[in-house]
Amino acid sequence: MTKVTCLNPIAKCGTDLFSQEYTVTDDMSGAEAVLVRSASMHEMEVPETLLCVARAGAGVNNIPIDDYAEKGIVVFNTPGANANGVKELVLAGMFLGSRDIVDGANWVKENKDDANIAKTAEKSKKAFAGRELEGKKLGVIGLGAIGAKVANAATHLGMEVYGYDPYVSIDAAWSLSRTIKHITNVNEIYQNCDYITIHVPLLDSTKGMVGAEAISMMKDGVVFLNFARDILVDEQAMMAALDSGKVHRYVTDFANPTVAGHPGVICTPHLGASTEESEDNCAVMAVKEIRDFIENGNVINSVNYPRCDAGVCQYEARLTVCHKNVPNMLTQFTGVFAKLNLNVPEIVSKSRGDWAYTIIDVDGKIDEDTVKALDAIPEVVRVRVVK
């Protein structure tokens, strides 16, 4: 029986996918898998039995992924599962940033006791005049699951769309509309676009990438949308640009003291993936990732170990090895099996950065001596018998 701990409420359509071989609980002791959404795991003591963590969402800043890699704990996320929900909110943000809907709605609320409000509104509405999206230029920085959907949707609104992503995947490239202009220098987006939306992961290289220098290149009156991570943007510089009139609107999904209540800011309370559909999709994907890992040893959508998929084991036994990405590891693994007179008909090994992951199928029984021999290799972090 595999014990799965839920640190946050997870949609039932996901947890219902666990078979009778799994037990789902909120007790961490002895857990082999964890399902989490927003709970912080940085200061959390986890049991030695823990094999994997699945985040029902894309961001993993609440999980100590590097520490877990050192312990051989594979961390999954669910990229793309909430993409449509975020895309729709980005589109809403574009409309809110173009038409002064928020201030107009607030005006109506403030004047609710005016018996002649209809007549007064006709005189006052010019203060809330906006502009249309059709024919305007939209720059999309990052063409992953969300950025690609935003870019495609904007073309149907009649916008001229520019896309920038030096690492765009083949799948994303195929999904993009042919009308989207692919830009190789992000400065072209800053200089030419009326609307700019950012959809890149938070890395050391992207933190604060939209700073004073980038903002200075932007067109006067630009609308900037941030539904990715707040610290991708130097928000002090952005507030200064709003005050000067350089930026017309800053639309963000991340409330903090810098942006809350600032004139020109439209801020929502992290609603990007807050839809029933997104939560369901994330839960289903996270559970499937856990089951494929526990039952087959496959690693799909991990953020600290490479993707490694050997399908369903067709042989007598299978084991997996989390190890450091150094030379001569496979030779050492096969040497162990050779000494024990065990045939290895299939081996799949992948690496990424400092870490590697290997799936080994064996014609024969894997006993404790085999595991001990592999575990004794200095660069090996964890050995697990799957079958």
# chains A, B, ... in the order shown; residues from 1 in each chain; ligands from 1
call {"tool": "residues_around", "arguments": {"residues": "segment 23-33 of chain A", "least_positions_apart": "6", "cutoff": "6 Å", "atoms": "only C-alpha atoms", "output": "PyMOL selection string"}}
result
chain A and resi 3-6+49-53
call {"tool": "closest_atom_pairs", "arguments": {"of": "segment 193-245 of chain A", "to": "segment 123-133 of chain A", "cutoff": "12 Å", "atoms": "only C-alpha atoms", "output": "Markdown table"}}
result
| residue | atom | partner | partner_atom | distance |
| --- | --- | --- | --- | --- |
| A:Cys193 | CA | A:Leu133 | CA | 11.8 |
| A:Asp194 | CA | A:Leu133 | CA | 9.3 |
| A:Tyr195 | CA | A:Leu133 | CA | 9.0 |
| A:Gly221 | CA | A:Arg131 | CA | 11.2 |
| A:Val222 | CA | A:Arg131 | CA | 11.9 |
| A:Val223 | CA | A:Leu133 | CA | 11.1 |
call {"tool": "residues_around", "arguments": {"residues": "His262 of chain A", "least_positions_apart": "6", "cutoff": "10 Å", "atoms": "only C-alpha atoms", "output": "list in words"}}
result
Met239, Leu242, Asp243 and Tyr250 of chain A
call {"tool": "residues_around", "arguments": {"residues": "Gln191 of chain A", "least_positions_apart": "5", "cutoff": "9 Å", "atoms": "only C-alpha atoms", "output": "PyMOL selection string"}}
result
chain A and resi 186+214+216-219
call {"tool": "write_last_selection", "arguments": {"atoms": "C-alpha atoms", "output": "PDB file, in the first residue's frame"}}
result
ATOM      1  CA  VAL A 186      13.150  41.041 -26.783  1.00  0.00           C
ATOM      2  CA  ALA A 214      13.530  47.825 -20.496  1.00  0.00           C
ATOM      3  CA  SER A 216      12.564  53.176 -20.975  1.00  0.00           C
ATOM      4  CA  MET A 217      12.456  51.459 -24.394  1.00  0.00           C
ATOM      5  CA  MET A 218       8.693  50.975 -24.291  1.00  0.00           C
ATOM      6  CA  LYS A 219       6.196  53.066 -26.220  1.00  0.00           C
TER       7      LYS A 219
END
call {"tool": "residues_around", "arguments": {"residues": "Asn152 of chain A", "least_positions_apart": "5", "cutoff": "12 Å", "atoms": "only C-alpha atoms", "output": "ChimeraX atom specification"}}
result
/A:84,87-88,91,138-140,143-147,157-163,172-181
call {"tool": "residues_around", "arguments": {"residues": "segment 294-310 of chain A", "least_positions_apart": "4", "cutoff": "10 Å", "atoms": "only C-alpha atoms", "output": "ChimeraX atom specification"}}
result
/A:2,32-33,51-55,58-60,64-70,72-79,285-286,288-290,314,318-323,346-361,384-387
call {"tool": "closest_residue", "arguments": {"among": "A:Asn106, A:Ile141, A:Val336, A:His270", "to": "Ser38 of chain A", "atoms": "only C-alpha atoms"}}
result
A:His270
call {"tool": "atom_distance", "arguments": {"atom1": "atom CA of Arg291 of chain A", "atom2": "atom CA of Lys365 of chain A"}}
result
22.9 Å
call {"tool": "select_by_dssp", "arguments": {"residues": "segment 185-281 of chain A", "states": "alpha helix (DSSP H)", "output": "mmCIF file with C-alpha atoms, in the first residue's frame"}}
result
data_model
loop_
_atom_site.group_PDB
_atom_site.id
_atom_site.type_symbol
_atom_site.label_atom_id
_atom_site.label_comp_id
_atom_site.auth_asym_id
_atom_site.auth_seq_id
_atom_site.Cartn_x
_atom_site.Cartn_y
_atom_site.Cartn_z
ATOM 1 C CA VAL A 186 13.150 41.041 -26.783
ATOM 2 C CA ASN A 187 14.002 44.743 -27.181
ATOM 3 C CA GLU A 188 11.933 44.757 -30.373
ATOM 4 C CA ILE A 189 8.876 43.952 -28.287
ATOM 5 C CA TYR A 190 9.675 46.712 -25.807
ATOM 6 C CA GLN A 191 10.121 49.239 -28.602
ATOM 7 C CA ASN A 192 7.176 48.369 -30.854
ATOM 8 C CA ALA A 212 14.103 50.627 -15.723
ATOM 9 C CA GLU A 213 16.165 50.081 -18.891
ATOM 10 C CA ALA A 214 13.530 47.825 -20.496
ATOM 11 C CA ILE A 215 10.721 50.188 -19.493
ATOM 12 C CA SER A 216 12.564 53.176 -20.975
ATOM 13 C CA MET A 217 12.456 51.459 -24.394
ATOM 14 C CA GLU A 235 7.955 47.083 -9.689
ATOM 15 C CA GLN A 236 9.505 50.215 -8.185
ATOM 16 C CA ALA A 237 10.628 51.173 -11.677
ATOM 17 C CA MET A 238 7.199 50.248 -13.027
ATOM 18 C CA MET A 239 5.443 52.462 -10.454
ATOM 19 C CA ALA A 240 7.717 55.365 -11.412
ATOM 20 C CA ALA A 241 6.807 54.803 -15.059
ATOM 21 C CA LEU A 242 3.106 54.876 -14.181
ATOM 22 C CA ASP A 243 3.575 58.117 -12.248
ATOM 23 C CA SER A 244 5.366 59.733 -15.181
ATOM 24 C CA GLU A 276 -12.709 24.802 -11.113
ATOM 25 C CA GLU A 277 -11.438 23.537 -14.428
ATOM 26 C CA SER A 278 -7.807 24.463 -13.739
ATOM 27 C CA GLU A 279 -7.858 22.912 -10.281
ATOM 28 C CA ASP A 280 -9.372 19.734 -11.703
ATOM 29 C CA ASN A 281 -6.825 19.548 -14.533
#
